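A short worksheet on the structure shown next.
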Amino acid sequence: MTLVTMIGEPWADYGLVDSGHGRKLERYGRFRFIRPEPQAMWAPHRDDWRAQGEFVPGSDEDGGGQWRFAEPVPRDGWPLEWNEVRFGAQTTPFRHLGFFPDMAPVWTWMRERLHGLNTPDCMNLFGYTGVGTLALASRGAKMVHVDASKKSVEAARANAVLSGMGAAPVRWIVDDAAKFVAREVRRGRRYDGILLDPPKYGRGPEGEVWRLEEDLPQLVADCRKLLDAESRFLFLTVYAVRMSALAIGELLRQLFADLPGTVEAGELGVREEARGLVLPTAIWARWSR
């Protein structure tokens with residue numbers, strides 16, 4: 001299987017300004033932030049970074065840390081745009097800013113796959129604050145947005161209103177993704193496209209435990225049952241560094257062997273503005289027809 005790199009280019013409201021020595025400098029609208037980045041093993045382009053805020057990690061390898069601000073930043077967030085989608089950015093306790101900018105090439109790719117369909121049915125699992133959901137809804141897709149966090153779903157609905165899509169055909173669902181998909185299989189539902197962005201570890205609204213390495217194969221197998229020969233895509237992203245793009249690519253290759261189309265796998269990356277180098281961020285696998 002040939003590995004493919006999907007590279008996120010800078011856009012008006014986001015850019016990777018510089019990176020190196022285990023950190024990255026990014027711009028989010030009018031603000032700049034410094035965050036930890038273990039993959040940035042090289043030296044930065046410049047060493048005189050200036051930013052409104054920096055996330056300083058704790059000693060715990062799996063999390064912890066806090067934001068430190070050199071200048072005031074709106075704690076309740078500020079609006080950003082990606083094409084016609086508007087959404088709120090905000091410093092979170094989890095070191096990110098309420099969305100994942102490296103997903104931009106994925107949003108573009110999914111929209112291209114749906115070209116020619118009038119009202120495709122699509123699902124966004126682990127949908128978080130809904131930028132991917134709105135990227136597809138803005139092109140006429142009927143969306144099912146699933147996340148176990150009520151707070152995240154509320155943020156996604158607020159982003160829909162901010163984008164002028166408050167009345168768009170989106171089902172906002174607070175549920176455990178694996179349980180919801182299993183019920184959709186029993187209902188005999190089908191979809192034209194599915195996006196999965198699962199965490200390494202998580203809990204559902206009723207205490208369900210999600211462990212990526214253990215639970216991903218069954219979830220993808222159930223998603224396969226919701227797709228048919230007329231469907232357009234399934235896109236899976238994984239941020240757990242212990243997994244391999246080749247491994248998740250083979251998982252999809254086997255599960256989608258009976259459908260026409262192509263299975264590919266690779267890495268996500270973001271192009272740095274300072275030098276044009278690519279910072280890797282995640283691995284992915286996809287089936288498309």
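By order of appearance in the structure tokens: chains A, B, ..., then residues from 1 within every chain, and ligands from 1 in the order shown.
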Q | DSSP-assigned alpha helix (DSSP H) among segment 26-166 of chain A, expressed as a PyMOL selection string | A | chain A and resi 104-113+131-137+150-162
Can you list every residue of segment 79-189 of chain A that has an atom at most 7 Å from segment 224-236 of chain A, with its nearest atom pair and the distance in Å to one decimal, using only C-alpha atoms, ordered by chain then number, as a tab-separated table?
```
residue	atom	partner	partner_atom	distance
A:Arg113	CA	A:Arg232	CA	6.1
A:Leu114	CA	A:Arg232	CA	6.7
A:Val185	CA	A:Leu226	CA	6.3
A:Arg189	CA	A:Leu226	CA	6.1
```
Which polymer residues have any atom within 6 Å of an atom of Met143 of chain A, counting only C-alpha atoms, with same-chain residues fewer than 5 positions away left out, as a PDB file with C-alpha atoms, in the first residue's frame?
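Output contents, as saved in part15.pdb:
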```pdb
ATOM      1  CA  CYS A 122     -23.356  11.709   5.924  1.00  0.00           C
ATOM      2  CA  MET A 123     -22.289  11.043   9.500  1.00  0.00           C
ATOM      3  CA  VAL A 170     -28.281  18.229  11.014  1.00  0.00           C
TER       4      VAL A 170
END
```
Q: Find the residue from A:Ile283, A:Cys223, A:Ala160, A:Ala40 that sits nearest to Asp102 of chain A; use only C-alpha atoms when measuring.
A: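 Going through A:Ile283, A:Cys223, A:Ala160, A:Ala40 one by one, the smallest distance to Asp102 of chain A is for A:Ile283.
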Q.
I'd like to know which of A:Leu219, A:Val238, A:Leu246, A:Ala104 is closest to Asn83 of chain A, using only C-alpha atoms.
A. A:Ala104
**Q.** Polymer residues at most 12 Å from Phe94 of chain A, only C-alpha atoms, same-chain spacing of 5 or more positions, as a PyMOL selection string
**A.** chain A and resi 35-36+55-58+62-67+99
Atoms kept (all heavy atoms) for selection, written as a short mmCIF file (atom, residue, chain, number, x, y, z; two decimals), in the first residue's frame:
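Result file follows (result-v8.cif):
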```cif
data_model
loop_
_atom_site.label_atom_id
_atom_site.label_comp_id
_atom_site.auth_asym_id
_atom_site.auth_seq_id
_atom_site.Cartn_x
_atom_site.Cartn_y
_atom_site.Cartn_z
N ARG A 35 2.38 26.13 21.35
CA ARG A 35 1.93 24.88 21.95
C ARG A 35 3.02 23.82 21.84
O ARG A 35 3.86 23.88 20.95
CB ARG A 35 0.65 24.38 21.26
CG ARG A 35 -0.53 25.30 21.42
CD ARG A 35 -1.81 24.60 20.99
NE ARG A 35 -1.85 24.34 19.55
CZ ARG A 35 -2.59 23.39 18.98
NH1 ARG A 35 -3.30 22.56 19.73
NH2 ARG A 35 -2.60 23.24 17.67
N PRO A 36 3.01 22.83 22.74
CA PRO A 36 3.98 21.74 22.64
C PRO A 36 3.77 20.95 21.35
O PRO A 36 2.64 20.77 20.89
CB PRO A 36 3.69 20.87 23.86
CG PRO A 36 2.87 21.73 24.77
CD PRO A 36 2.12 22.67 23.90
N PHE A 55 0.84 27.30 25.90
CA PHE A 55 0.44 26.19 26.75
C PHE A 55 1.70 25.51 27.26
O PHE A 55 2.52 25.01 26.49
CB PHE A 55 -0.41 25.18 25.98
CG PHE A 55 -1.02 24.13 26.88
CD1 PHE A 55 -2.25 24.35 27.48
CD2 PHE A 55 -0.35 22.96 27.16
CE1 PHE A 55 -2.82 23.40 28.33
CE2 PHE A 55 -0.90 22.00 28.01
CZ PHE A 55 -2.14 22.23 28.60
N VAL A 56 1.85 25.49 28.58
CA VAL A 56 3.01 24.88 29.23
C VAL A 56 2.59 23.52 29.76
O VAL A 56 1.74 23.43 30.65
CB VAL A 56 3.54 25.77 30.36
CG1 VAL A 56 4.76 25.12 31.02
CG2 VAL A 56 3.87 27.16 29.84
N PRO A 57 3.14 22.44 29.22
CA PRO A 57 2.69 21.10 29.64
C PRO A 57 3.13 20.77 31.04
O PRO A 57 4.13 21.30 31.55
CB PRO A 57 3.36 20.18 28.61
CG PRO A 57 4.57 20.93 28.16
CD PRO A 57 4.18 22.39 28.19
N GLY A 58 2.37 19.89 31.69
CA GLY A 58 2.75 19.40 33.00
C GLY A 58 3.74 18.26 32.88
O GLY A 58 4.20 17.91 31.79
N ASP A 62 0.72 12.01 29.68
CA ASP A 62 -0.58 11.86 29.04
C ASP A 62 -1.46 13.09 29.15
O ASP A 62 -2.62 13.07 28.75
CB ASP A 62 -1.32 10.66 29.62
CG ASP A 62 -0.66 9.34 29.26
OD1 ASP A 62 -0.12 9.27 28.14
OD2 ASP A 62 -0.68 8.42 30.09
N GLY A 63 -0.96 14.17 29.69
CA GLY A 63 -1.79 15.37 29.78
C GLY A 63 -1.33 16.29 30.88
O GLY A 63 -0.24 16.16 31.42
N GLY A 64 -2.17 17.23 31.21
CA GLY A 64 -1.83 18.21 32.22
C GLY A 64 -1.14 19.40 31.61
O GLY A 64 -0.65 19.37 30.49
N GLY A 65 -1.10 20.46 32.38
CA GLY A 65 -0.48 21.69 31.91
C GLY A 65 -1.45 22.84 32.02
O GLY A 65 -2.60 22.69 32.47
N GLN A 66 -1.01 24.02 31.61
CA GLN A 66 -1.84 25.20 31.71
C GLN A 66 -1.42 26.25 30.70
O GLN A 66 -0.30 26.26 30.20
CB GLN A 66 -1.76 25.79 33.13
CG GLN A 66 -0.36 26.25 33.51
CD GLN A 66 -0.29 26.81 34.92
OE1 GLN A 66 -1.30 27.24 35.47
NE2 GLN A 66 0.90 26.81 35.50
N TRP A 67 -2.38 27.14 30.40
CA TRP A 67 -2.09 28.27 29.53
C TRP A 67 -1.49 29.42 30.34
O TRP A 67 -1.93 29.69 31.45
CB TRP A 67 -3.38 28.76 28.86
CG TRP A 67 -3.88 27.86 27.77
CD1 TRP A 67 -4.86 26.90 27.87
CD2 TRP A 67 -3.45 27.85 26.41
NE1 TRP A 67 -5.05 26.30 26.67
CE2 TRP A 67 -4.20 26.85 25.75
CE3 TRP A 67 -2.49 28.57 25.70
CZ2 TRP A 67 -4.03 26.57 24.39
CZ3 TRP A 67 -2.31 28.30 24.35
CH2 TRP A 67 -3.07 27.31 23.71
N PHE A 99 -10.79 23.24 17.83
CA PHE A 99 -10.94 22.59 16.54
C PHE A 99 -9.55 22.12 16.10
O PHE A 99 -8.55 22.46 16.73
CB PHE A 99 -11.57 23.51 15.49
CG PHE A 99 -10.62 24.55 14.94
CD1 PHE A 99 -10.11 24.44 13.66
CD2 PHE A 99 -10.25 25.65 15.70
CE1 PHE A 99 -9.24 25.39 13.15
CE2 PHE A 99 -9.37 26.61 15.20
CZ PHE A 99 -8.87 26.47 13.92
#
```
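All residues of protein, DNA or RNA that reach within 12 Å of Trp172 of chain A, judged by only C-alpha atoms and not counting those fewer than 6 positions away in the chain, are A:Met123, A:Asn124, A:Leu125, A:Phe126, A:Gly127, A:Tyr128, A:Thr129, A:Gly130, A:Thr133, A:Leu134, A:Lys142, A:Met143, A:Val144, A:His145, A:Val146, A:Asp147, A:Ala148, A:Ser149, A:Lys150, A:Lys151, A:Ser152, A:Val153, A:Glu154, A:Ala155, A:Ala156, A:Arg157, A:Ala158, A:Ala160, A:Gly166.
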Q: Name the closest residue to Ala141 of chain A among the candidates A:Pro105, A:Pro217, A:Gly193, A:Pro93; distances are taken between atoms, counting only C-alpha atoms.
A: A:Gly193
